[in-house]
Structures are given as structure tokens and as C-alpha cells.
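Below: model23.csv (CSV, C-alpha atoms)
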```csv
chain,number,residue,atom,x,y,z
M,270,MET,CA,32.3,-1.4,13.5
M,271,LYS,CA,28.7,-2.4,14.1
M,272,THR,CA,26.7,-1.1,17.0
M,273,PRO,CA,25.9,-3.8,19.6
M,274,LEU,CA,22.2,-4.7,19.9
M,275,VAL,CA,21.3,-3.6,23.4
M,276,PRO,CA,17.6,-3.0,24.0
M,277,ALA,CA,17.0,0.5,25.3
M,278,GLU,CA,13.9,1.8,27.1
M,279,LYS,CA,12.0,4.8,25.7
M,280,ASP,CA,13.9,4.4,22.4
M,281,LEU,CA,11.4,4.8,19.5
M,282,ARG,CA,13.1,2.1,17.3
M,283,TRP,CA,13.3,-0.5,20.1
M,284,GLU,CA,9.7,0.3,21.2
M,285,LEU,CA,8.5,-0.3,17.6
M,286,VAL,CA,10.5,-3.5,17.4
M,287,ARG,CA,8.9,-4.7,20.6
M,288,ASN,CA,5.4,-4.0,19.2
M,289,VAL,CA,6.2,-5.8,15.9
M,290,LEU,CA,7.6,-8.9,17.6
M,291,GLY,CA,4.7,-8.8,20.0
M,292,ILE,CA,2.2,-9.7,17.3
M,293,SER,CA,3.7,-13.2,17.2
M,294,LYS,CA,1.8,-13.9,20.4
M,295,GLN,CA,-1.5,-13.3,18.9
M,296,ARG,CA,-3.5,-16.5,18.2
M,297,GLU,CA,-4.7,-15.3,14.8
M,298,VAL,CA,-1.1,-14.6,13.7
M,299,ARG,CA,0.2,-17.9,15.0
M,300,ASN,CA,-2.7,-19.7,13.2
M,301,ILE,CA,-1.8,-18.0,9.9
M,302,VAL,CA,1.9,-19.0,10.2
M,303,SER,CA,1.0,-22.6,11.2
M,304,LYS,CA,-1.0,-23.0,7.9
M,305,PHE,CA,2.2,-22.5,5.9
M,306,ARG,CA,4.8,-24.0,8.3
M,307,ILE,CA,3.0,-26.5,10.6
M,308,LYS,CA,6.1,-28.0,12.2
M,309,PRO,CA,7.7,-26.6,14.1
M,310,LEU,CA,5.7,-23.4,14.6
M,311,ASP,CA,7.8,-21.9,17.4
M,312,ARG,CA,10.9,-22.3,15.4
M,313,THR,CA,9.4,-20.6,12.4
M,314,ILE,CA,8.3,-17.6,14.5
M,315,MET,CA,11.8,-17.5,16.1
M,316,VAL,CA,13.4,-17.3,12.7
M,317,LEU,CA,11.0,-14.5,11.6
M,318,LYS,CA,11.9,-12.6,14.8
M,319,ILE,CA,15.6,-12.8,14.0
M,320,VAL,CA,15.0,-11.6,10.4
M,321,ILE,CA,12.8,-8.7,11.5
M,322,THR,CA,15.4,-7.6,14.1
M,323,SER,CA,18.1,-7.7,11.5
M,324,MET,CA,15.9,-5.6,9.1
M,325,PHE,CA,15.1,-3.0,11.7
M,326,PHE,CA,18.7,-2.4,12.6
M,327,GLU,CA,20.1,-2.9,9.0
M,328,VAL,CA,22.5,-5.6,10.0
M,329,ASP,CA,23.1,-9.1,8.7
M,330,ILE,CA,21.2,-12.0,10.1
M,331,THR,CA,24.5,-13.5,11.1
M,332,PHE,CA,25.2,-10.5,13.3
M,333,VAL,CA,21.9,-10.9,15.2
M,334,ILE,CA,22.7,-14.6,15.6
M,335,SER,CA,26.1,-13.7,17.1
M,336,GLU,CA,24.6,-11.1,19.4
M,337,LEU,CA,21.9,-13.3,20.9
M,338,PRO,CA,24.0,-15.8,22.8
M,339,ALA,CA,26.2,-13.0,24.3
M,340,LYS,CA,23.3,-10.8,25.5
M,341,ALA,CA,20.6,-12.1,27.9
M,342,SER,CA,18.7,-8.8,27.6
M,343,LEU,CA,18.5,-9.3,23.8
M,344,ARG,CA,17.3,-12.9,24.2
M,345,GLU,CA,14.6,-11.8,26.7
M,346,PHE,CA,13.6,-8.9,24.5
M,347,THR,CA,13.1,-11.0,21.4
M,348,GLY,CA,12.0,-14.2,23.1
M,349,VAL,CA,14.6,-16.1,21.2
M,350,TYR,CA,16.4,-18.4,23.6
M,351,ASN,CA,17.4,-21.4,21.5
M,352,VAL,CA,19.5,-19.6,18.9
M,353,PRO,CA,19.8,-21.4,15.5
M,354,ASP,CA,22.8,-21.1,13.2
M,355,ALA,CA,22.6,-19.0,10.0
M,356,LYS,CA,22.2,-22.0,7.8
M,357,ALA,CA,19.0,-23.1,9.6
M,358,VAL,CA,17.6,-19.6,9.3
M,359,TYR,CA,18.2,-19.4,5.5
M,360,ARG,CA,17.0,-23.0,5.0
M,361,LEU,CA,13.7,-22.3,6.7
M,362,LEU,CA,13.2,-19.1,4.7
M,363,SER,CA,14.0,-20.8,1.4
M,364,GLY,CA,11.4,-23.5,2.3
M,365,PHE,CA,8.6,-20.9,1.6
M,366,THR,CA,7.7,-20.3,-2.0
M,367,VAL,CA,7.3,-16.7,-2.9
M,368,GLU,CA,3.5,-17.1,-3.3
M,369,GLN,CA,3.3,-18.7,0.2
M,370,PHE,CA,5.3,-16.0,1.8
M,371,MET,CA,3.3,-13.2,0.2
M,372,ASP,CA,0.0,-14.8,1.1
M,373,MET,CA,1.1,-15.3,4.7
M,374,VAL,CA,2.3,-11.7,5.0
M,375,LEU,CA,-0.8,-10.2,3.5
M,376,ARG,CA,-3.0,-12.3,5.8
M,377,ILE,CA,-1.0,-11.1,8.8
M,378,VAL,CA,-1.5,-7.5,7.6
M,379,ASN,CA,-5.3,-8.1,7.4
M,380,THR,CA,-5.2,-9.4,10.9
M,381,VAL,CA,-3.3,-6.4,12.3
M,382,CYS,CA,-5.0,-3.7,10.2
M,383,GLY,CA,-8.4,-5.2,9.4
M,384,LYS,CA,-9.7,-6.5,6.1
M,385,ARG,CA,-10.5,-4.4,3.0
M,386,LYS,CA,-13.5,-2.2,3.5
M,387,SER,CA,-16.7,-3.0,1.6
M,388,GLY,CA,-17.9,-0.8,-1.3
M,389,LYS,CA,-15.7,1.3,-3.5
M,390,ILE,CA,-12.4,2.5,-2.2
M,391,MET,CA,-9.5,4.6,-3.4
M,392,ILE,CA,-6.2,2.7,-3.9
M,393,ILE,CA,-3.0,4.6,-4.3
M,394,GLY,CA,-0.2,3.0,-6.2
M,395,ASP,CA,3.5,3.8,-6.9
M,396,THR,CA,6.8,2.2,-7.7
M,397,THR,CA,10.3,2.6,-6.4
M,398,ASN,CA,13.7,1.4,-7.6
M,399,LEU,CA,15.7,-1.2,-5.7
M,400,ALA,CA,19.4,-1.1,-6.2
M,401,VAL,CA,21.5,-4.2,-5.4
M,402,ASN,CA,24.8,-3.8,-3.6
M,403,ILE,CA,27.1,-4.5,-6.6
M,404,ASN,CA,30.3,-2.6,-7.2
M,405,TRP,CA,30.2,-2.4,-11.0
M,406,PHE,CA,33.5,-0.4,-11.0
M,407,LYS,CA,35.3,-3.4,-9.6
M,408,LYS,CA,33.4,-6.0,-11.6
M,409,LYS,CA,32.2,-5.0,-15.0
M,410,SER,CA,28.5,-5.8,-15.5
M,411,THR,CA,27.1,-5.5,-19.0
M,412,LYS,CA,23.5,-6.3,-20.2
M,413,THR,CA,24.8,-9.5,-21.6
M,414,ASN,CA,26.4,-10.5,-18.3
M,415,LEU,CA,23.1,-9.9,-16.5
M,416,LYS,CA,21.0,-11.6,-19.0
M,417,ASP,CA,20.2,-14.6,-16.7
M,418,GLU,CA,20.0,-12.5,-13.5
M,419,ASP,CA,17.0,-11.1,-11.8
M,420,TYR,CA,18.7,-7.7,-11.4
M,421,LYS,CA,19.3,-5.6,-14.5
M,422,TRP,CA,20.7,-2.3,-15.6
M,423,ALA,CA,18.1,0.5,-15.2
M,424,TYR,CA,17.8,4.2,-15.1
M,425,SER,CA,15.9,6.6,-12.9
M,426,LYS,CA,15.8,10.4,-12.8
M,427,SER,CA,16.7,10.4,-9.1
M,428,LYS,CA,19.4,7.7,-9.0
M,429,GLY,CA,20.7,7.8,-12.6
M,430,TYR,CA,22.0,4.4,-13.8
M,431,TYR,CA,21.8,1.5,-11.3
M,432,ILE,CA,21.6,-2.2,-11.2
M,433,GLY,CA,18.6,-3.7,-9.5
M,434,MET,CA,14.9,-4.3,-9.5
M,435,LYS,CA,11.6,-2.4,-9.1
M,436,LEU,CA,9.0,-2.5,-6.3
M,437,ALA,CA,5.4,-1.7,-7.1
M,438,PHE,CA,3.2,-1.0,-4.0
M,439,ALA,CA,-0.5,-0.3,-3.4
M,440,MET,CA,-2.3,1.0,-0.3
M,441,GLU,CA,-5.7,2.0,0.8
M,442,ASP,CA,-6.3,5.8,0.8
M,443,SER,CA,-8.3,6.2,4.0
M,444,SER,CA,-6.3,3.9,6.3
M,445,LEU,CA,-2.9,3.8,4.6
M,446,LYS,CA,-3.1,0.0,4.9
M,447,PRO,CA,-0.7,-1.8,2.6
M,448,LEU,CA,-2.8,-3.9,0.2
M,449,ALA,CA,-0.3,-5.5,-2.2
M,450,PHE,CA,3.1,-5.3,-3.8
M,451,LEU,CA,5.0,-6.7,-6.7
M,452,VAL,CA,8.8,-7.0,-7.5
M,453,PHE,CA,9.9,-6.8,-11.1
M,454,PRO,CA,13.3,-7.8,-12.5
M,455,GLY,CA,15.4,-4.8,-13.5
M,456,GLY,CA,13.7,-1.3,-13.8
M,457,PRO,CA,10.9,-1.6,-16.3
M,458,ARG,CA,9.2,1.7,-17.2
M,459,ASP,CA,5.9,2.2,-15.3
M,460,PRO,CA,3.7,2.3,-18.4
M,461,LYS,CA,5.0,-1.2,-19.4
M,462,ILE,CA,3.9,-2.7,-16.1
M,463,PHE,CA,0.5,-1.0,-15.7
M,464,ASP,CA,-1.5,-4.0,-17.0
M,465,GLU,CA,0.4,-6.5,-14.9
M,466,ILE,CA,-0.1,-4.4,-11.8
M,467,VAL,CA,-3.9,-4.0,-12.4
M,468,THR,CA,-4.4,-7.6,-13.3
M,469,GLU,CA,-2.6,-8.8,-10.2
M,470,LEU,CA,-4.6,-6.5,-7.9
M,471,MET,CA,-7.8,-7.7,-9.4
M,472,ARG,CA,-6.8,-11.3,-9.3
M,473,ARG,CA,-6.2,-10.9,-5.5
M,474,LYS,CA,-9.6,-9.1,-5.2
M,475,ILE,CA,-7.8,-6.1,-3.8
M,476,LEU,CA,-8.9,-3.8,-6.7
M,477,ARG,CA,-12.5,-4.3,-7.7
M,478,LYS,CA,-14.8,-2.7,-10.2
M,479,CYS,CA,-15.8,0.9,-9.4
M,480,ASP,CA,-12.7,1.4,-7.3
M,481,TYR,CA,-10.4,4.4,-7.8
M,482,LEU,CA,-6.7,3.7,-8.7
M,483,VAL,CA,-4.5,6.8,-8.2
M,484,LEU,CA,-1.1,6.7,-10.0
M,485,ASP,CA,1.5,9.3,-10.8
M,486,LYS,CA,2.5,10.7,-14.2
M,487,GLY,CA,5.0,7.8,-14.7
M,488,PHE,CA,2.0,5.6,-15.7
M,489,TYR,CA,0.6,8.2,-18.1
M,490,ALA,CA,-0.8,6.9,-21.4
M,491,TYR,CA,-4.2,7.4,-23.0
M,492,ARG,CA,-4.7,3.6,-23.5
M,493,HIS,CA,-4.4,3.1,-19.7
M,494,TYR,CA,-7.3,5.5,-19.1
M,495,ILE,CA,-9.4,3.7,-21.8
M,496,GLU,CA,-8.4,0.1,-20.7
M,497,GLY,CA,-9.1,1.0,-17.1
M,498,LEU,CA,-12.6,2.2,-17.8
M,499,THR,CA,-13.7,-0.4,-20.4
M,500,GLU,CA,-11.7,-3.6,-19.7
M,501,TYR,CA,-11.2,-3.4,-15.9
M,502,GLY,CA,-14.2,-1.3,-14.9
M,503,ILE,CA,-12.2,0.9,-12.6
M,504,VAL,CA,-11.7,4.7,-12.3
M,505,PRO,CA,-8.0,5.1,-13.5
M,506,LEU,CA,-6.8,8.4,-12.0
M,507,ILE,CA,-3.4,8.7,-13.5
M,508,PHE,CA,-2.0,12.2,-13.1
M,509,PRO,CA,-2.1,13.7,-16.6
M,510,LEU,CA,0.6,15.6,-18.4
M,511,ILE,CA,0.2,19.3,-19.5
M,512,ASN,CA,-1.1,18.4,-23.0
M,513,PHE,CA,-3.8,16.0,-21.8
M,514,LYS,CA,-7.1,16.2,-23.7
M,515,LEU,CA,-10.1,14.6,-22.1
M,516,GLU,CA,-11.7,14.2,-25.6
M,517,LYS,CA,-9.0,11.7,-26.6
M,518,VAL,CA,-10.3,9.4,-23.9
M,519,SER,CA,-14.1,9.8,-24.2
M,520,ASP,CA,-13.9,9.8,-28.1
M,521,HIS,CA,-11.9,6.6,-28.3
M,522,ILE,CA,-13.9,4.4,-25.9
M,523,GLN,CA,-15.1,1.5,-28.1
M,524,LEU,CA,-17.0,-1.5,-26.8
M,525,HIS,CA,-16.1,-5.0,-28.0
M,526,PHE,CA,-18.8,-7.4,-29.3
M,527,ASP,CA,-18.4,-9.5,-26.1
M,528,PHE,CA,-19.8,-6.5,-24.2
M,529,PHE,CA,-23.2,-7.2,-25.8
M,530,ASN,CA,-23.2,-11.0,-25.4
M,531,ASP,CA,-25.4,-10.9,-22.3
M,532,ASN,CA,-29.1,-10.5,-22.1
M,533,LEU,CA,-30.6,-7.0,-22.5
M,534,SER,CA,-30.9,-6.2,-18.8
M,535,CYS,CA,-27.2,-7.1,-18.2
M,536,VAL,CA,-26.1,-5.0,-21.1
M,537,LYS,CA,-28.1,-2.0,-19.8
M,538,GLU,CA,-26.5,-2.5,-16.4
M,539,LYS,CA,-23.0,-2.6,-17.9
M,540,ILE,CA,-23.7,0.6,-19.8
M,541,ARG,CA,-25.0,2.3,-16.7
M,542,HIS,CA,-21.8,1.2,-14.9
M,543,LEU,CA,-19.6,2.5,-17.6
M,544,GLU,CA,-21.5,5.9,-17.7
M,545,SER,CA,-21.1,6.1,-13.9
M,546,ILE,CA,-17.4,5.5,-13.7
M,547,LEU,CA,-16.8,7.7,-16.8
M,548,ALA,CA,-18.5,10.6,-15.1
M,549,GLU,CA,-16.4,10.1,-11.9
M,550,PHE,CA,-13.3,9.8,-14.0
M,551,LYS,CA,-14.0,13.1,-15.8
M,552,TYR,CA,-14.6,14.9,-12.5
M,553,TYR,CA,-11.4,13.7,-10.8
M,554,ILE,CA,-9.1,13.8,-13.8
M,555,LEU,CA,-10.0,17.5,-14.3
M,556,ASN,CA,-9.4,18.2,-10.6
M,557,TRP,CA,-6.5,15.8,-10.2
M,558,LYS,CA,-4.4,18.3,-8.2
M,559,GLN,CA,-6.7,17.8,-5.2
M,560,LEU,CA,-5.4,14.2,-5.1
M,561,LYS,CA,-1.7,15.2,-4.8
M,562,PRO,CA,-1.6,15.3,-1.0
M,563,LYS,CA,-3.0,11.7,-1.0
M,564,ARG,CA,-0.4,10.5,-3.4
M,565,SER,CA,2.4,12.1,-1.4
M,566,LEU,CA,1.6,9.8,1.5
M,567,ILE,CA,2.7,6.8,-0.4
M,568,GLU,CA,6.2,8.2,-0.7
M,569,ALA,CA,6.3,8.5,3.1
M,570,VAL,CA,5.2,4.9,3.4
M,571,PHE,CA,7.9,3.8,0.9
M,572,LYS,CA,10.5,5.5,3.1
M,573,VAL,CA,9.3,3.5,6.1
M,574,ILE,CA,9.4,0.3,4.1
M,575,LYS,CA,12.9,1.0,2.9
M,576,GLY,CA,14.0,2.1,6.3
M,577,THR,CA,12.7,-1.0,8.1
M,578,SER,CA,13.5,-3.7,5.6
M,579,SER,CA,17.0,-2.7,4.3
M,580,LEU,CA,15.6,-2.2,0.8
M,581,GLY,CA,17.7,0.9,0.5
M,582,LYS,CA,20.8,-1.2,0.7
M,583,LEU,CA,19.9,-4.4,-1.0
M,584,HIS,CA,22.2,-7.4,-0.3
M,585,ARG,CA,19.9,-9.9,-2.0
M,586,PHE,CA,20.2,-10.8,-5.6
M,587,THR,CA,17.2,-13.0,-6.6
M,588,LEU,CA,13.7,-12.1,-7.2
M,589,ALA,CA,12.4,-14.6,-4.6
M,590,SER,CA,14.7,-13.4,-1.8
M,591,VAL,CA,14.0,-9.7,-2.5
M,592,THR,CA,10.2,-10.3,-2.6
M,593,LYS,CA,10.3,-12.1,0.7
M,594,ILE,CA,12.2,-9.4,2.5
M,595,ALA,CA,10.0,-6.8,0.8
M,596,SER,CA,7.0,-8.8,2.2
M,597,LEU,CA,8.3,-8.3,5.8
M,598,GLY,CA,8.9,-4.6,5.1
M,599,VAL,CA,5.2,-4.3,4.2
M,600,VAL,CA,4.2,-6.0,7.5
M,601,LEU,CA,6.5,-3.6,9.4
M,602,ALA,CA,5.0,-0.6,7.7
M,603,ALA,CA,1.4,-1.9,8.3
M,604,ILE,CA,2.1,-2.4,12.0
M,605,SER,CA,3.7,1.0,12.3
M,606,ILE,CA,0.7,2.7,10.7
M,607,SER,CA,-1.7,0.7,13.0
M,608,LEU,CA,0.3,2.0,16.0
M,609,GLY,CA,-0.6,5.6,15.2
M,610,PHE,CA,1.9,6.6,12.5
M,611,GLY,CA,-0.9,7.4,10.1
M,612,ASP,CA,-0.1,10.9,8.9
M,613,LYS,CA,2.7,12.2,6.7
M,614,GLU,CA,4.6,14.0,9.4
M,615,SER,CA,4.7,11.0,11.8
M,616,LEU,CA,5.6,8.6,8.9
M,617,GLN,CA,8.6,10.9,7.9
M,618,LYS,CA,9.8,11.0,11.5
M,619,LEU,CA,9.5,7.2,11.7
M,620,ALA,CA,11.5,6.8,8.5
M,621,GLU,CA,14.2,9.1,9.8
```
When written as C-alpha cells, how does the structure in this file appear?
Amino acid sequence: MKTPLVPAEKDLRWELVRNVLGISKQREVRNIVSKFRIKPLDRTIMVLKIVITSMFFEVDITFVISELPAKASLREFTGVYNVPDAKAVYRLLSGFTVEQFMDMVLRIVNTVCGKRKSGKIMIIGDTTNLAVNINWFKKKSTKTNLKDEDYKWAYSKSKGYYIGMKLAFAMEDSSLKPLAFLVFPGGPRDPKIFDEIVTELMRRKILRKCDYLVLDKGFYAYRHYIEGLTEYGIVPLIFPLINFKLEKVSDHIQLHFDFFNDNLSCVKEKIRHLESILAEFKYYILNWKQLKPKRSLIEAVFKVIKGTSSLGKLHRFTLASVTKIASLGVVLAAISISLGFGDKESLQKLAE
């Protein structure tokens, strides 16, 4: 039996929901939403409120819709008075493309948490597995059966075998502000998606030349160090394995002919840039253990995202729907952090 949704004063979860729903009153946020769903704006915001409430309390959208007409306190709390039916909610959500929804969400995050800082920054990235709610004991699911599905068979050390997808996430080190995320079909190994993650971060101008990118050992590969330095112009701080040899990186850095196509002054500048990031890389990679506390913070943020977006119990089965719900999870995490949950201990309490 599901617990009725009754707003409670001095309850941390309800207070957090109140603050999250409250951002819909901000002019900047309403302007952002209106750019993607001009008519009717209030109806779009109302639907987003219903979805966010369902995510926070890990219940179906239909349950929230059934609770609203029966409880005046819930309608007053959420500001949803004209309650739509479930079909209208899903229809409105499906009207967004994935790119539109992600763009809208990240703009809202920038409004709430502030834009990316100028100059070089340290970006922390990680991935987590997303298991879909399929009973494979009842219905046999083979690789062939799942060939045309967005969810696939995968394996992780913590979960063992599962059917699902993978979420890649990046945040700013100093503020813990969520910067970007990607959802991949199945559970591809981290080294296989390194290039795609870095390319997407640079395309969105989230990761820029000279920035630091901190990743765990799952992304470990010598070519990623070399490509990060020479092709992307970043400082790739991937935690090394025991047998790591710095010489294998520095000795295998080779510059392509295109590197020298510019005039002499530009070439000299590019060489100075490479020497600078290489020196920084050598320092941090030899002292990588000092970055472990920073990297552990992203695990706490992941727990918050999963706890507030129902990604721990995934009842969605397409890449588009999972990406949209993960988008809202990122917004909820960003708002939570902006409200003062910015250290590991408070984030863990919030996740619990």
C-alpha cells in the first residue's frame, strides 16, 4: 500500500520539495520553459510539478494525479489546481525532444546555481549503472531479444548481471554544480565511452582547453592520457593502476602534421600550451591520491540523483524517457546543493 501524499511541516523531504517547486515562480525559469513550450506555459509548469513530486516520493505519476483531487493541502502545496489526466502529462512530456529537454534543464541549472566560472576549472566525471525493472526470470531476455531495445544485458562488479543503461555525469569541483550528463544504451565499459563523453562536454563548451578532468580507474588507458593532452588540450587526470608508468605517456606523445599548419607564432603558442598542461598532468598524476576526496563527492551526488529521480528503480524503457527523467534528477540535485547540501556528509544524509 502506498503512503498518502500529505504535506508535513518540518519534514526535510517536503521542505526540499517546496524549495524545488518554488523555482517555477522565478521569472528566469519561466522564461526558459517558455522558450521550449510557449503555449500554455502554466500547463507545462504544472506537469513538471507533478512529475517532480512523483520522483521525490518514488511513486507513479498516476498516483500523484489521483491524490491531488482528494487532498486540498496537496493542491495548495504544489500549486496544481486544475489536475490533468495521465495521458495529458505523458503527451506533454513526449512533445519535448531529448535535446530540447536537456537544454532546458541545463539552462535552469545555470539559473539556479550560476554559470560556469571563467578560467580553468576541475571537472569530476563518473558513471553509474541504471537497471530497468524487468523480471528476467519470468520473461526470458537474451541478447538477441534485446537487439532493438535501448536497454541491454550488462555487468558491473557491484550489481553483477543486470538489464539496463548507463548514466555518465560531470560536475564542477569547487561548487559541485552539475554540468552535464549522458545516458548510454546498455552498460558499455567506461574506456569505450571516454571519447564520446569528452567530445560532448567540449561541444557544449562545458569542458574547455586547459581544464582538468578527473575520472576513476574505470577509464584507465594510456591512449586516453595521450589523446586528452594532444587532441583535446585538457589535463586528463584518470586515476592510474599500480603498474602505471609516466614514461609511457610522455614518450608516446606525437604531434600530427596539422599541428604545424599555422604560422610560427601560433605553433609556438600551441607548444607552450602543451608543455604547460603536460607539466600539470605530471604533477597531479603522480599525486593522484590527493584527488580521491574530491572524486568521492560525485558518488554522494549520484546517490542524491538516484534518490530524487527514481533512477534506482527504473520503470522507463527507452533512451529518451530515461534521459528526460535523469535530466530532472540533475535539476533536483543542483537545487539541493544550492540550498546548502554541498558537503559529503550532508549529501549522504539527503540521499538517505
Next on the checklist: Residues within 9 Å of stretch 470-480 of chain M, please, as an NGL selection string. Count all atoms listed in the file; anything in the same chain fewer than 2 positions from it doesn't count.
Outcome noted: :M and (385 or 388-392 or 439 or 448-450 or 465-468 or 482 or 501-505 or 542 or 545-546)
Next on the checklist: Would you pick out the contacts of M:Leu484 at 8 Å or less, using all atoms listed in the file, so that residues sharing its chain but fewer than 5 positions from it are not included, and give the list as a PyMOL selection string?
Outcome noted: chain M and resi 393-395+505-508+564
Next on the checklist: Let me make sure I understand: among M:Leu281, M:Val367, M:Ala341, M:Val349, which one has the smallest atom-to-atom distance to M:Ala589 if we use all atoms listed in the file?
Outcome noted: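 Among M:Leu281, M:Val367, M:Ala341, M:Val349, it is M:Val367 that comes nearest to M:Ala589.
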Please build the interface table for stretch 304-370 of chain M against stretch 283-290 of chain M with a cut-off of 10 Å, listing for each qualifying residue the nearest atom pair and the distance in Å to one decimal; count all atoms listed in the file, order rows by chain and increasing number, and write it as JSON lines.
```
{"residue": "M:Ile314", "atom": "CA", "partner": "M:Leu290", "partner_atom": "CA", "distance": 9.3}
{"residue": "M:Met315", "atom": "CA", "partner": "M:Leu290", "partner_atom": "CA", "distance": 9.7}
{"residue": "M:Leu317", "atom": "CA", "partner": "M:Leu290", "partner_atom": "CA", "distance": 8.9}
{"residue": "M:Lys318", "atom": "CA", "partner": "M:Leu290", "partner_atom": "CA", "distance": 6.3}
{"residue": "M:Ile319", "atom": "CA", "partner": "M:Leu290", "partner_atom": "CA", "distance": 9.6}
{"residue": "M:Ile321", "atom": "CA", "partner": "M:Leu290", "partner_atom": "CA", "distance": 8.0}
{"residue": "M:Thr322", "atom": "CA", "partner": "M:Val286", "partner_atom": "CA", "distance": 7.2}
{"residue": "M:Phe325", "atom": "CA", "partner": "M:Val286", "partner_atom": "CA", "distance": 7.3}
{"residue": "M:Phe326", "atom": "CA", "partner": "M:Trp283", "partner_atom": "CA", "distance": 9.4}
{"residue": "M:Phe346", "atom": "CA", "partner": "M:Arg287", "partner_atom": "CA", "distance": 7.4}
{"residue": "M:Thr347", "atom": "CA", "partner": "M:Leu290", "partner_atom": "CA", "distance": 7.0}
{"residue": "M:Gly348", "atom": "CA", "partner": "M:Leu290", "partner_atom": "CA", "distance": 8.8}
```
Item to check | Atomic separation - atom CA of M:Lys421 relative to atom CA of M:Ala400, Å | outcome: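 These two atoms are separated by 9.4 Å.
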Mind running stretch 452-484 of chain M against stretch 423-437 of chain M at 8 Å and telling me each contacting residue's nearest atom pair with the distance in Å (one decimal), counting all atoms listed in the file, chain and number ascending, as JSON lines?
```
{"residue": "M:Val452", "atom": "CA", "partner": "M:Leu436", "partner_atom": "CA", "distance": 4.7}
{"residue": "M:Phe453", "atom": "CA", "partner": "M:Lys435", "partner_atom": "CA", "distance": 5.1}
{"residue": "M:Pro454", "atom": "CA", "partner": "M:Met434", "partner_atom": "CA", "distance": 4.9}
{"residue": "M:Gly455", "atom": "CA", "partner": "M:Met434", "partner_atom": "CA", "distance": 4.1}
{"residue": "M:Gly456", "atom": "CA", "partner": "M:Ala423", "partner_atom": "CA", "distance": 5.0}
{"residue": "M:Pro457", "atom": "CA", "partner": "M:Lys435", "partner_atom": "CA", "distance": 7.3}
{"residue": "M:Ile466", "atom": "CA", "partner": "M:Ala437", "partner_atom": "CA", "distance": 7.7}
```
Checklist entry - Could you pull the residues within 8 Å of M:Leu274, counting all atoms listed in the file, minus those fewer than 3 positions along the same chain, as a PyMOL selection string? => result chain M and resi 333+336+343
Checklist entry - Quick one: residues within 8 Å of stretch 458-462 of chain M, all atoms listed in the file counted, chain neighbours fewer than 6 positions away excluded, as a list in words? => result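 So the residues in contact are Thr396, Gly487, Phe488, Tyr489 and Ala490 of chain M.
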Checklist entry - Which residue out of M:Ser534, M:Lys356, M:Val401, M:Leu555 has the minimum interatomic distance to M:Phe513 when all atoms listed in the file are used? => result M:Leu555
Could you give me stretch 302-319 of chain M completed to N, CA and C atoms, formatted as a PDB file, in the frame of the given file?
```
ATOM      1  N   VAL M 302       0.582 -18.429  10.456  1.00  0.00           N
ATOM      2  CA  VAL M 302       1.900 -19.000  10.200  1.00  0.00           C
ATOM      3  C   VAL M 302       1.872 -20.506  10.187  1.00  0.00           C
ATOM      4  N   SER M 303       1.076 -21.090  11.068  1.00  0.00           N
ATOM      5  CA  SER M 303       1.000 -22.600  11.200  1.00  0.00           C
ATOM      6  C   SER M 303       0.428 -23.183   9.887  1.00  0.00           C
ATOM      7  N   LYS M 304      -0.404 -22.433   9.168  1.00  0.00           N
ATOM      8  CA  LYS M 304      -1.000 -23.000   7.900  1.00  0.00           C
ATOM      9  C   LYS M 304       0.074 -23.155   6.853  1.00  0.00           C
ATOM     10  N   PHE M 305       1.151 -22.390   6.951  1.00  0.00           N
ATOM     11  CA  PHE M 305       2.200 -22.500   5.900  1.00  0.00           C
ATOM     12  C   PHE M 305       3.400 -23.279   6.424  1.00  0.00           C
ATOM     13  N   ARG M 306       3.670 -23.246   7.755  1.00  0.00           N
ATOM     14  CA  ARG M 306       4.800 -24.000   8.300  1.00  0.00           C
ATOM     15  C   ARG M 306       4.281 -24.682   9.595  1.00  0.00           C
ATOM     16  N   ILE M 307       3.615 -25.830   9.425  1.00  0.00           N
ATOM     17  CA  ILE M 307       3.000 -26.500  10.600  1.00  0.00           C
ATOM     18  C   ILE M 307       3.966 -26.919  11.628  1.00  0.00           C
ATOM     19  N   LYS M 308       5.063 -27.489  11.234  1.00  0.00           N
ATOM     20  CA  LYS M 308       6.100 -28.000  12.200  1.00  0.00           C
ATOM     21  C   LYS M 308       7.439 -27.460  11.796  1.00  0.00           C
ATOM     22  N   PRO M 309       8.189 -26.973  12.797  1.00  0.00           N
ATOM     23  CA  PRO M 309       7.700 -26.600  14.100  1.00  0.00           C
ATOM     24  C   PRO M 309       7.345 -25.095  14.118  1.00  0.00           C
ATOM     25  N   LEU M 310       6.187 -24.753  14.630  1.00  0.00           N
ATOM     26  CA  LEU M 310       5.700 -23.400  14.600  1.00  0.00           C
ATOM     27  C   LEU M 310       6.576 -22.426  15.358  1.00  0.00           C
ATOM     28  N   ASP M 311       6.949 -22.801  16.574  1.00  0.00           N
ATOM     29  CA  ASP M 311       7.800 -21.900  17.400  1.00  0.00           C
ATOM     30  C   ASP M 311       9.105 -21.592  16.739  1.00  0.00           C
ATOM     31  N   ARG M 312       9.662 -22.568  16.052  1.00  0.00           N
ATOM     32  CA  ARG M 312      10.900 -22.300  15.400  1.00  0.00           C
ATOM     33  C   ARG M 312      10.793 -21.375  14.211  1.00  0.00           C
ATOM     34  N   THR M 313       9.683 -21.503  13.493  1.00  0.00           N
ATOM     35  CA  THR M 313       9.400 -20.600  12.400  1.00  0.00           C
ATOM     36  C   THR M 313       9.274 -19.163  12.880  1.00  0.00           C
ATOM     37  N   ILE M 314       8.509 -18.982  13.945  1.00  0.00           N
ATOM     38  CA  ILE M 314       8.300 -17.600  14.500  1.00  0.00           C
ATOM     39  C   ILE M 314       9.630 -17.087  15.042  1.00  0.00           C
ATOM     40  N   MET M 315      10.451 -17.943  15.642  1.00  0.00           N
ATOM     41  CA  MET M 315      11.800 -17.500  16.100  1.00  0.00           C
ATOM     42  C   MET M 315      12.631 -17.006  15.001  1.00  0.00           C
ATOM     43  N   VAL M 316      12.621 -17.709  13.877  1.00  0.00           N
ATOM     44  CA  VAL M 316      13.400 -17.300  12.700  1.00  0.00           C
ATOM     45  C   VAL M 316      12.900 -15.945  12.180  1.00  0.00           C
ATOM     46  N   LEU M 317      11.585 -15.782  12.113  1.00  0.00           N
ATOM     47  CA  LEU M 317      11.000 -14.500  11.600  1.00  0.00           C
ATOM     48  C   LEU M 317      11.400 -13.364  12.562  1.00  0.00           C
ATOM     49  N   LYS M 318      11.472 -13.626  13.865  1.00  0.00           N
ATOM     50  CA  LYS M 318      11.900 -12.600  14.800  1.00  0.00           C
ATOM     51  C   LYS M 318      13.339 -12.172  14.556  1.00  0.00           C
ATOM     52  N   ILE M 319      14.190 -13.137  14.268  1.00  0.00           N
ATOM     53  CA  ILE M 319      15.600 -12.800  14.000  1.00  0.00           C
ATOM     54  C   ILE M 319      15.717 -11.994  12.722  1.00  0.00           C
TER      55      ILE M 319
END
```
